[in-house]
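Next comes model-v5.csv, a file with CSV, C-alpha atoms and all ligand atoms.
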chain,number,residue,atom,x,y,z
A,1,MET,CA,20.8,4.1,5.6
A,2,GLU,CA,20.6,7.9,5.2
A,3,LYS,CA,17.2,9.3,6.4
A,4,ILE,CA,15.3,11.1,3.7
A,5,ILE,CA,12.0,11.6,5.5
A,6,THR,CA,11.5,12.0,9.3
A,7,VAL,CA,8.0,12.1,10.7
A,8,GLU,CA,7.6,13.0,14.4
A,9,ASN,CA,4.4,12.8,16.5
A,10,LEU,CA,2.3,13.6,13.4
A,11,SER,CA,-1.4,14.1,14.1
A,12,ARG,CA,-4.3,15.4,12.0
A,13,LYS,CA,-7.8,16.2,13.2
A,14,TYR,CA,-10.6,17.0,10.8
A,15,VAL,CA,-13.5,19.1,11.9
A,16,THR,CA,-16.7,18.3,10.0
A,17,TYR,CA,-20.5,18.7,10.5
A,18,THR,CA,-23.4,16.3,10.6
A,19,ARG,CA,-27.1,16.7,10.2
A,20,GLY,CA,-30.1,14.4,10.2
A,21,SER,CA,-32.0,13.6,7.0
A,22,GLY,CA,-35.0,15.5,5.6
A,23,PHE,CA,-36.0,19.1,5.1
A,24,ARG,CA,-36.6,19.9,8.8
A,25,GLU,CA,-33.2,18.7,9.8
A,26,SER,CA,-31.4,20.5,7.0
A,27,LEU,CA,-33.3,23.7,7.9
A,28,LYS,CA,-32.3,23.2,11.6
A,29,SER,CA,-28.6,22.7,10.6
A,30,PHE,CA,-28.8,26.0,8.8
A,31,PHE,CA,-29.0,27.7,12.2
A,32,ARG,CA,-27.2,25.3,14.4
A,33,ARG,CA,-24.6,22.8,12.9
A,34,GLN,CA,-23.4,19.8,14.9
A,35,LYS,CA,-19.7,19.7,14.9
A,36,VAL,CA,-17.8,16.4,14.7
A,37,SER,CA,-14.1,16.0,15.0
A,38,VAL,CA,-12.3,13.1,13.5
A,39,ASP,CA,-8.7,12.1,14.6
A,40,ALA,CA,-7.6,10.8,11.2
A,41,VAL,CA,-3.9,10.5,12.2
A,42,LYS,CA,-2.8,10.2,15.9
A,43,ASP,CA,0.8,10.7,17.0
A,44,VAL,CA,2.5,8.8,14.2
A,45,SER,CA,6.3,8.8,14.0
A,46,PHE,CA,8.6,7.0,11.5
A,47,TYR,CA,11.5,7.6,9.1
A,48,VAL,CA,12.2,6.6,5.5
A,49,GLY,CA,15.7,5.7,4.3
A,50,LYS,CA,17.1,7.0,1.0
A,51,GLY,CA,16.4,4.4,-1.8
A,52,ASP,CA,13.7,2.6,0.2
A,53,ILE,CA,10.2,1.5,-0.9
A,54,ILE,CA,7.9,1.9,2.0
A,55,GLY,CA,4.4,0.4,1.9
A,56,ILE,CA,1.8,2.2,4.1
A,57,LEU,CA,-1.0,-0.2,4.8
A,58,GLY,CA,-4.2,-0.1,6.8
A,59,PRO,CA,-7.9,-0.8,6.4
A,60,ASN,CA,-10.3,1.7,4.9
A,61,GLY,CA,-10.4,5.0,6.8
A,62,ALA,CA,-7.2,4.2,8.7
A,63,GLY,CA,-5.5,7.5,7.8
A,64,LYS,CA,-3.2,6.5,4.9
A,65,SER,CA,-4.3,9.2,2.4
A,66,THR,CA,-4.2,11.8,5.1
A,67,THR,CA,-0.6,10.8,5.9
A,68,ILE,CA,0.4,11.0,2.2
A,69,LYS,CA,-1.3,14.4,1.8
A,70,MET,CA,0.7,15.8,4.8
A,71,LEU,CA,3.9,14.3,3.4
A,72,THR,CA,3.3,15.9,0.0
A,73,GLY,CA,2.5,19.2,1.7
A,74,THR,CA,-1.1,19.4,0.4
A,75,LEU,CA,-2.5,19.2,3.9
A,76,TYR,CA,-1.3,20.8,7.1
A,77,ALA,CA,-0.6,18.7,10.1
A,78,SER,CA,-2.6,19.5,13.3
A,79,THR,CA,0.5,18.8,15.4
A,80,GLY,CA,3.9,17.1,14.8
A,81,ASN,CA,6.8,17.6,12.5
A,82,ILE,CA,7.7,16.4,9.0
A,83,GLN,CA,11.1,16.9,7.4
A,84,VAL,CA,11.7,15.7,3.9
A,85,MET,CA,15.3,16.1,2.7
A,86,GLY,CA,15.6,18.9,5.3
A,87,CYS,CA,12.4,20.7,4.0
A,88,ASP,CA,9.1,21.3,5.7
A,89,PRO,CA,6.6,20.2,2.9
A,90,CYS,CA,4.1,23.0,3.8
A,91,ARG,CA,6.6,25.8,4.0
A,92,ASN,CA,9.3,25.6,1.3
A,93,ARG,CA,6.6,24.6,-1.3
A,94,THR,CA,8.4,25.8,-4.5
A,95,GLU,CA,11.7,24.2,-3.6
A,96,TYR,CA,9.9,21.1,-2.2
A,97,VAL,CA,7.8,20.1,-5.2
A,98,LYS,CA,10.9,20.1,-7.5
A,99,ASN,CA,12.1,17.1,-5.5
A,100,ILE,CA,9.0,15.0,-5.3
A,101,GLY,CA,6.5,13.4,-7.6
A,102,ALA,CA,3.0,11.9,-6.9
A,103,VAL,CA,0.7,9.5,-8.5
A,104,PHE,CA,-2.9,9.2,-7.1
A,105,GLY,CA,-4.8,6.2,-8.4
A,106,GLN,CA,-8.1,8.0,-8.1
A,107,LYS,CA,-7.0,11.5,-9.3
A,108,SER,CA,-5.5,12.4,-12.6
A,109,GLN,CA,-2.8,15.0,-13.3
A,110,LEU,CA,-3.3,14.7,-17.1
A,111,VAL,CA,-5.5,17.1,-19.0
A,112,PHE,CA,-8.3,14.9,-20.4
A,113,ASP,CA,-8.9,16.6,-23.8
A,114,ILE,CA,-5.3,16.7,-25.0
A,115,PRO,CA,-2.8,13.9,-25.6
A,116,PRO,CA,-0.4,13.0,-22.7
A,117,ILE,CA,2.6,14.3,-24.7
A,118,ASP,CA,1.1,17.9,-24.3
A,119,SER,CA,0.7,17.4,-20.6
A,120,PHE,CA,4.3,16.2,-20.4
A,121,ARG,CA,5.4,19.4,-22.3
A,122,MET,CA,3.5,21.4,-19.8
A,123,ASN,CA,5.4,19.8,-17.0
A,124,LYS,CA,8.7,20.4,-18.9
A,125,ALA,CA,7.9,24.1,-18.8
A,126,ILE,CA,6.7,24.1,-15.2
A,127,TYR,CA,9.8,22.3,-13.9
A,128,ASP,CA,12.1,24.0,-16.3
A,129,ILE,CA,13.5,20.7,-17.7
A,130,SER,CA,16.2,21.2,-20.4
A,131,ASP,CA,15.5,19.8,-23.9
A,132,LYS,CA,18.2,17.2,-23.6
A,133,ASP,CA,17.0,15.9,-20.1
A,134,TYR,CA,13.4,16.0,-21.3
A,135,LYS,CA,14.1,13.9,-24.4
A,136,GLU,CA,16.3,11.4,-22.6
A,137,ARG,CA,13.9,10.9,-19.7
A,138,LEU,CA,10.8,10.7,-21.8
A,139,ASP,CA,12.4,8.1,-24.1
A,140,LEU,CA,13.4,6.0,-21.1
A,141,LEU,CA,10.1,6.2,-19.3
A,142,VAL,CA,8.1,5.5,-22.5
A,143,GLU,CA,10.2,2.5,-23.2
A,144,LEU,CA,10.1,1.1,-19.7
A,145,LEU,CA,6.3,1.5,-19.6
A,146,GLY,CA,5.8,0.2,-23.2
A,147,LEU,CA,3.7,3.3,-24.2
A,148,GLU,CA,5.2,4.3,-27.6
A,149,ASP,CA,2.4,5.7,-29.8
A,150,LYS,CA,-0.2,6.0,-27.0
A,151,ILE,CA,1.1,9.3,-25.7
A,152,PHE,CA,0.0,11.0,-28.9
A,153,ARG,CA,-3.7,10.0,-28.5
A,154,PRO,CA,-6.2,12.2,-26.5
A,155,THR,CA,-6.0,11.1,-22.9
A,156,ARG,CA,-9.8,10.6,-22.7
A,157,VAL,CA,-9.6,7.7,-25.3
A,158,LEU,CA,-6.8,5.8,-23.4
A,159,SER,CA,-7.6,2.8,-21.2
A,160,LEU,CA,-7.2,3.0,-17.4
A,161,GLY,CA,-3.9,1.1,-17.6
A,162,GLU,CA,-2.5,3.3,-20.3
A,163,ARG,CA,-3.5,6.4,-18.5
A,164,MET,CA,-2.0,5.2,-15.2
A,165,LYS,CA,1.3,4.6,-17.0
A,166,CYS,CA,1.1,8.2,-18.4
A,167,GLU,CA,0.5,9.4,-14.8
A,168,PHE,CA,3.8,7.9,-13.8
A,169,ILE,CA,5.6,9.7,-16.7
A,170,MET,CA,3.9,12.9,-15.5
A,171,ALA,CA,5.2,12.4,-12.0
A,172,MET,CA,8.7,11.4,-12.9
A,173,LEU,CA,9.8,13.6,-15.8
A,174,HIS,CA,11.5,16.1,-13.6
A,175,ASN,CA,13.5,13.2,-12.0
A,176,PRO,CA,12.3,13.6,-8.4
A,177,ASP,CA,14.1,11.9,-5.5
A,178,ILE,CA,10.9,10.8,-3.8
A,179,VAL,CA,7.7,9.6,-5.4
A,180,PHE,CA,4.4,9.2,-3.5
A,181,LEU,CA,2.0,6.6,-4.8
A,182,ASP,CA,-1.6,6.5,-3.5
A,183,GLU,CA,-3.1,3.2,-4.7
A,184,PRO,CA,-1.3,3.3,-8.1
A,185,THR,CA,-2.6,-0.1,-9.3
A,186,ILE,CA,-6.2,0.3,-8.3
A,187,GLY,CA,-8.6,-1.2,-11.0
A,188,LEU,CA,-5.7,-2.4,-13.3
A,189,ASP,CA,-5.5,-5.8,-14.9
A,190,VAL,CA,-2.8,-8.3,-13.8
A,191,ILE,CA,-0.5,-7.4,-16.8
A,192,ALA,CA,-0.7,-3.6,-16.3
A,193,LYS,CA,-0.2,-4.1,-12.5
A,194,GLN,CA,3.0,-6.1,-13.2
A,195,THR,CA,4.3,-3.5,-15.8
A,196,ILE,CA,3.9,-0.8,-13.2
A,197,ARG,CA,5.5,-2.9,-10.4
A,198,ASP,CA,8.5,-3.7,-12.7
A,199,PHE,CA,8.7,0.0,-13.6
A,200,ILE,CA,8.8,1.0,-9.9
A,201,LYS,CA,11.5,-1.6,-9.1
A,202,LYS,CA,13.7,-0.3,-12.0
A,203,MET,CA,13.3,3.3,-11.0
A,204,ASN,CA,14.1,2.3,-7.4
A,205,GLU,CA,17.3,0.6,-8.6
A,206,LYS,CA,18.2,3.9,-10.3
A,207,GLY,CA,17.8,5.6,-6.8
A,208,THR,CA,14.2,6.9,-6.5
A,209,THR,CA,12.6,6.4,-3.1
A,210,PHE,CA,8.9,5.4,-3.2
A,211,ILE,CA,6.2,5.8,-0.5
A,212,LEU,CA,3.3,3.6,-1.5
A,213,THR,CA,-0.2,3.1,-0.1
A,214,THR,CA,-2.2,0.2,-1.4
A,215,HIS,CA,-4.7,-2.5,-0.6
A,216,ASP,CA,-3.1,-4.9,-3.0
A,217,LEU,CA,-0.9,-7.2,-1.0
A,218,GLN,CA,0.9,-8.4,-4.2
A,219,ASP,CA,2.1,-4.7,-4.5
A,220,VAL,CA,3.4,-5.0,-1.0
A,221,GLU,CA,5.0,-8.4,-1.3
A,222,GLN,CA,6.7,-7.5,-4.6
A,223,LEU,CA,7.7,-3.9,-3.9
A,224,ALA,CA,7.9,-2.9,-0.3
A,225,LYS,CA,11.2,-3.2,1.5
A,226,ASN,CA,9.6,-1.9,4.7
A,227,ILE,CA,6.0,-1.6,5.9
A,228,ILE,CA,4.2,0.8,8.1
A,229,ILE,CA,0.7,-0.3,9.2
A,230,ILE,CA,-1.8,2.3,10.4
A,231,ASN,CA,-5.0,1.4,12.1
A,232,LYS,CA,-7.6,3.9,13.3
A,233,GLY,CA,-5.0,6.7,12.8
A,234,GLU,CA,-2.3,5.0,14.9
A,235,LYS,CA,0.9,3.3,13.8
A,236,VAL,CA,0.6,-0.4,14.8
A,237,PHE,CA,3.6,-1.8,12.9
A,238,ASP,CA,6.8,-0.5,11.5
A,239,GLY,CA,9.4,-3.0,10.0
A,240,SER,CA,10.2,-5.5,7.2
A,241,ILE,CA,7.8,-8.1,5.7
A,242,ASP,CA,9.8,-10.8,7.4
A,243,GLU,CA,9.5,-9.1,10.8
A,244,LEU,CA,5.8,-8.7,10.2
A,245,LYS,CA,5.4,-12.4,9.5
A,246,ARG,CA,7.6,-13.3,12.5
A,247,ASN,CA,5.3,-11.1,14.6
A,248,LEU,CA,2.7,-13.9,14.4
A,249,GLY,CA,5.3,-16.6,15.2
A,250,ASN,CA,7.4,-18.8,13.0
A,251,LYS,CA,4.7,-20.6,11.1
A,252,LYS,CA,4.2,-22.5,7.9
A,253,ILE,CA,1.0,-23.6,6.1
A,254,ILE,CA,0.7,-27.3,5.0
A,255,GLU,CA,-1.8,-28.2,2.4
A,256,LEU,CA,-2.6,-31.9,2.6
A,257,THR,CA,-4.8,-34.3,0.5
A,258,LEU,CA,-5.7,-37.4,2.4
A,259,THR,CA,-6.4,-40.7,0.7
A,260,LYS,CA,-9.5,-41.1,2.8
A,261,LYS,CA,-11.9,-39.0,4.9
A,262,ALA,CA,-10.3,-37.0,7.7
A,263,ASP,CA,-10.9,-37.9,11.3
A,264,VAL,CA,-10.2,-34.7,13.3
A,265,ASN,CA,-11.9,-33.2,16.3
A,266,ARG,CA,-13.1,-29.7,16.3
A,267,THR,CA,-11.9,-27.4,19.1
A,268,GLY,CA,-13.2,-23.8,18.7
A,269,GLU,CA,-12.1,-22.5,15.3
A,270,THR,CA,-9.5,-25.1,14.6
A,271,TYR,CA,-9.4,-28.9,14.4
A,272,ASP,CA,-7.3,-31.0,16.7
A,273,LEU,CA,-4.9,-33.2,14.8
A,274,GLY,CA,-3.3,-34.7,17.8
A,275,ILE,CA,0.2,-33.2,16.9
A,276,GLU,CA,1.7,-30.7,19.3
A,277,GLY,CA,2.3,-27.3,17.6
A,278,ALA,CA,0.1,-28.1,14.6
A,279,ALA,CA,-3.6,-27.2,14.1
A,280,VAL,CA,-6.0,-27.9,11.2
A,281,ILE,CA,-7.4,-24.5,10.2
A,282,ALA,CA,-9.6,-25.6,7.3
A,283,VAL,CA,-11.2,-28.9,6.0
A,284,GLU,CA,-12.4,-29.1,2.4
A,285,GLU,CA,-14.4,-32.0,0.8
A,286,GLU,CA,-13.6,-34.0,4.0
A,287,HIS,CA,-10.2,-35.0,2.8
A,288,LYS,CA,-8.3,-31.8,2.0
A,289,LEU,CA,-6.7,-30.2,5.1
A,290,THR,CA,-5.0,-26.9,5.6
A,291,ILE,CA,-2.7,-27.1,8.6
A,292,GLU,CA,-0.8,-24.3,10.4
A,293,VAL,CA,2.5,-25.5,11.9
A,294,ASP,CA,4.4,-23.6,14.5
A,295,ILE,CA,7.9,-24.5,13.6
A,296,ASP,CA,9.3,-23.1,16.9
A,297,ARG,CA,7.4,-26.0,18.6
A,298,ILE,CA,7.8,-28.8,16.0
A,299,SER,CA,10.2,-29.0,13.1
A,300,ILE,CA,8.8,-29.7,9.6
A,301,ASN,CA,10.8,-32.9,9.6
A,302,GLN,CA,9.3,-34.1,12.9
A,303,PHE,CA,5.8,-32.9,11.8
A,304,ILE,CA,6.0,-35.0,8.5
A,305,ILE,CA,7.1,-38.1,10.5
A,306,ARG,CA,4.2,-37.7,13.0
A,307,LEU,CA,1.8,-37.0,10.1
A,308,ALA,CA,2.9,-40.2,8.2
A,309,GLU,CA,2.3,-42.2,11.4
A,310,LEU,CA,-1.3,-40.8,11.7
A,311,CYS,CA,-2.6,-40.9,8.2
A,312,GLU,CA,-2.0,-41.7,4.5
A,313,PHE,CA,-1.8,-38.8,2.1
A,314,SER,CA,-1.6,-38.5,-1.7
A,315,ASP,CA,-0.4,-34.9,-1.9
A,316,ILE,CA,1.4,-32.3,0.3
A,317,SER,CA,2.6,-28.7,-0.1
A,318,ILE,CA,4.4,-26.5,2.3
A,319,LYS,CA,3.8,-22.7,2.1
A,320,GLU,CA,4.7,-19.5,3.8
A,321,LEU,CA,2.0,-17.8,6.0
A,322,PRO,CA,0.0,-15.9,3.4
A,323,MET,CA,0.1,-12.1,3.7
A,324,GLU,CA,-3.7,-11.9,3.8
A,325,LYS,CA,-3.7,-13.8,7.1
A,326,VAL,CA,-0.9,-11.8,8.6
A,327,ILE,CA,-2.5,-8.5,7.7
A,328,THR,CA,-6.0,-9.5,8.7
A,329,THR,CA,-4.7,-10.6,12.1
A,330,ILE,CA,-2.9,-7.2,12.6
A,331,TYR,CA,-6.0,-5.2,11.4
A,332,LYS,CA,-8.1,-7.1,13.9
A,333,GLY,CA,-5.6,-6.1,16.6
B,1,LIG,N1,-11.8,16.2,4.6
B,1,LIG,C1,-12.2,15.4,5.6
B,1,LIG,N2,-13.1,15.8,6.5
B,1,LIG,C2,-13.5,15.0,7.5
B,1,LIG,N3,-13.1,13.8,7.7
B,1,LIG,C3,-12.2,13.3,6.8
B,1,LIG,C4,-11.7,14.0,5.7
B,1,LIG,N4,-10.9,13.3,5.0
B,1,LIG,C5,-10.8,12.1,5.6
B,1,LIG,N5,-11.6,12.1,6.7
B,1,LIG,C6,-11.8,11.0,7.6
B,1,LIG,O1,-10.5,10.7,8.1
B,1,LIG,C7,-10.3,9.3,8.3
B,1,LIG,C8,-9.1,8.8,7.5
B,1,LIG,O2,-9.3,9.0,6.1
B,1,LIG,P1,-8.2,8.6,5.0
B,1,LIG,O3,-8.8,9.0,3.7
B,1,LIG,O4,-6.9,9.2,5.4
B,1,LIG,O5,-8.2,7.0,5.2
B,1,LIG,P2,-7.5,5.9,4.2
B,1,LIG,O6,-6.7,5.1,5.1
B,1,LIG,O7,-6.7,6.6,3.1
B,1,LIG,O8,-8.7,5.1,3.7
B,1,LIG,P3,-9.0,4.3,2.3
B,1,LIG,O9,-8.1,3.1,2.3
B,1,LIG,O10,-10.4,4.0,2.4
B,1,LIG,O11,-8.7,5.3,1.2
B,1,LIG,C9,-11.6,8.6,7.8
B,1,LIG,O12,-12.4,8.4,9.0
B,1,LIG,C10,-12.2,9.7,7.0
B,1,LIG,O13,-13.7,9.6,7.0
Take the structure in the file and write it out as C-alpha cells.
Amino acid sequence: MEKIITVENLSRKYVTYTRGSGFRESLKSFFRRQKVSVDAVKDVSFYVGKGDIIGILGPNGAGKSTTIKMLTGTLYASTGNIQVMGCDPCRNRTEYVKNIGAVFGQKSQLVFDIPPIDSFRMNKAIYDISDKDYKERLDLLVELLGLEDKIFRPTRVLSLGERMKCEFIMAMLHNPDIVFLDEPTIGLDVIAKQTIRDFIKKMNEKGTTFILTTHDLQDVEQLAKNIIIINKGEKVFDGSIDELKRNLGNKKIIELTLTKKADVNRTGETYDLGIEGAAVIAVEEEHKLTIEVDIDRISINQFIIRLAELCEFSDISIKELPMEKVITTIYKG
C-alpha cells in the first residue's frame, strides 16, 4: 500500500502554569508563576496507507487530539517529522489545506447565523471550486447524507446530527485526499451515527483516506481498517483489529444458561469450572455463566463435550471477544 502519511518520532510538549486557589495564591502567581510541562505525545511513529481508515484510540488525555492537530498543521511538533503526501503540514500550508479536510466533533466550521448552503458557497470561493464540480459534489454529498432541504435553514436551528452531517459536506466539498475526524459521532443518536459511518465507508470506497479519533468502539469496529492506540502520549499498539484481538490470545466468549444453580469455585477474579483453558468470568442470577475459552488450549468442540459432561444447559451462545474488553486490557497496560 502506497504511504500517504509518514510520522517519525513525533513528540509534543506543552508548557503551562499552575497556581493555588484563592486571592493570595493568584496574587503570588502574578509575580512568580509555577511552570508545568506536559509530554502530550512522546516519540510516536507510524504510517498511513492510501485509501486506509485509521482509528486512533486512547483514554482521555492520551494525546489523540494533539496528534491530529499536528497532522493537520494547526500545532507545531516539539520534535519529530511529519510528511503528508510529501508535504510538511506546518510549512506548505496553502498547498497542504487544499488536500485535506477536517471534522471536529466539538468544534464547528459552519457560520451559526446563516444556512449551511451559504457556508458551503464560502468554501467554494476559498477553495476555488468550479461551478460544475461544486454542483456535482454538493448533490452527491447531500444525497448520501440525506440532508435535502435542511441545508437552506439557519445552522443554529439544525439538530446536532443534521449539523454534523453539514460539517462533513463543509470538509469534503473540495474533494480532499485525506479527511481528519476528531470524534465525529460524539453525542449523536444511533441512526445519525450509522448514516455518518455509511457515508465514511462510501467516501472511502471512492478513494478518500480517513484518520479517525473516537471513543465509540462501534465506530472503530465498523470503520477502522487499522488501529493505533496511544496511552499517556506513547504508541502502545499499531495494527489491525484482528491483530489487536489476537494480542490477548485466541479467545471466545461463551454465554451459558444452566438448567439449575451453578456449582463453581471462585479463584481470584474468575470461577474455576474444572475445564482446562476455560474460566468463568461472570455469574448472573446463579445460573447464567459467561465463560472465556482459550481456543489455543481447548477447541470449541472439546469444550462443549466437556461442558455437556459437567452440567445441563438450556441455552448457549458463542461470541467473539468484545472490543471493550480488548481495549480496556490494553489501556490498563
Ligand atoms: N494547550 C494545552 N496546554 C497544556 N496542556 C495541554 C494542552 N492541550 C492538551 N494538553 C494536555 O495534553 C494531554 C493530551 O491531551 P489531548 O487533548 O491530546 O488528549 P486526548 O487523547 O485527545 O484526550 P480526550 O480523549 O479526552 O479528548 C492532556 O494531559 C492534556 O491535559
(request) Mind checking which residues fall within 10 Å of Ile327 (chain A), counting all atoms listed in the file, ignoring those fewer than 5 positions away in the same chain, and posting them as an MDAnalysis selection string? (result) chainID A and resid 57:59 217 229 244:245 322 332:333
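Rounded to one decimal, CA of Gly73 (chain A) and CA of Asp118 (chain A) lie 26.1 Å from each other.
With only C-alpha atoms as the atoms that count, the minimum distance from Asp182 (chain A) to the choices A:Ile117, A:Leu212, A:Ile100, A:Met1 is reached by A:Leu212.
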(message) Show me, as JSON, numbers by chain, the residues that have an atom within 10 Å of region 188-201 of chain A when counting only C-alpha atoms, minus same-chain residues fewer than 6 positions from it.
(response) {"A": [53, 105, 141, 144, 145, 146, 159, 160, 161, 162, 164, 165, 168, 179, 207, 208, 209, 210, 216, 218, 219, 220, 222, 223, 224]}
(message) For a test of reading the model, state the distance in Å between CA of Thr270 (chain A) and CA of Thr290 (chain A), rounded to one decimal.
(response)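 Interatomic distance, CA of Thr270 (chain A) to CA of Thr290 (chain A): 10.2 Å.
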(request) Can you tell me which residues come within 9 Å of ligand LIG 1 (chain B) when counting only C-alpha atoms and all ligand atoms, ideally as a PyMOL selection string? (result) chain A and resi 12-17+36-41+57-69+182-183+213-215+230-233
(request) Counting all atoms listed in the file, figure out which residue out of A:Asp113, A:Glu234, A:Glu320, A:Glu284 gets nearest to Val44 (chain A). (result)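 Of A:Asp113, A:Glu234, A:Glu320, A:Glu284, the one nearest Val44 (chain A) is A:Glu234, counting all atoms listed in the file.
Look at everything within 7 Å of (-1.0, -8.5, 15.2) using only C-alpha atoms, and the residues you get are Asn247, Leu248, Thr329, Ile330 and Gly333 of chain A.
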Export C-alpha atoms of the chosen residues as a PDB file, in the coordinates of the input?
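Contents of part_19.pdb, as written:
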ATOM      1  CA  ASN A 247       5.300 -11.100  14.600  1.00  0.00           C
ATOM      2  CA  LEU A 248       2.700 -13.900  14.400  1.00  0.00           C
ATOM      3  CA  THR A 329      -4.700 -10.600  12.100  1.00  0.00           C
ATOM      4  CA  ILE A 330      -2.900  -7.200  12.600  1.00  0.00           C
ATOM      5  CA  GLY A 333      -5.600  -6.100  16.600  1.00  0.00           C
TER       6      GLY A 333
END
(message) Just checking: using only C-alpha atoms, which residue out of A:Ala308, A:Ile316, A:Ile211, A:Val236 ends up closest to Leu256 (chain A)?
(response) A:Ile316
(message) Just the number, please: distance in Å from CA of Val142 (chain A) to CA of Pro116 (chain A), one decimal.
(response) 11.3 Å
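Each of A:Asn9, A:Met172, A:Thr72, A:Leu27 was checked against Lys42 (chain A) using only C-alpha atoms; the smallest atom-to-atom distance is that of A:Asn9.
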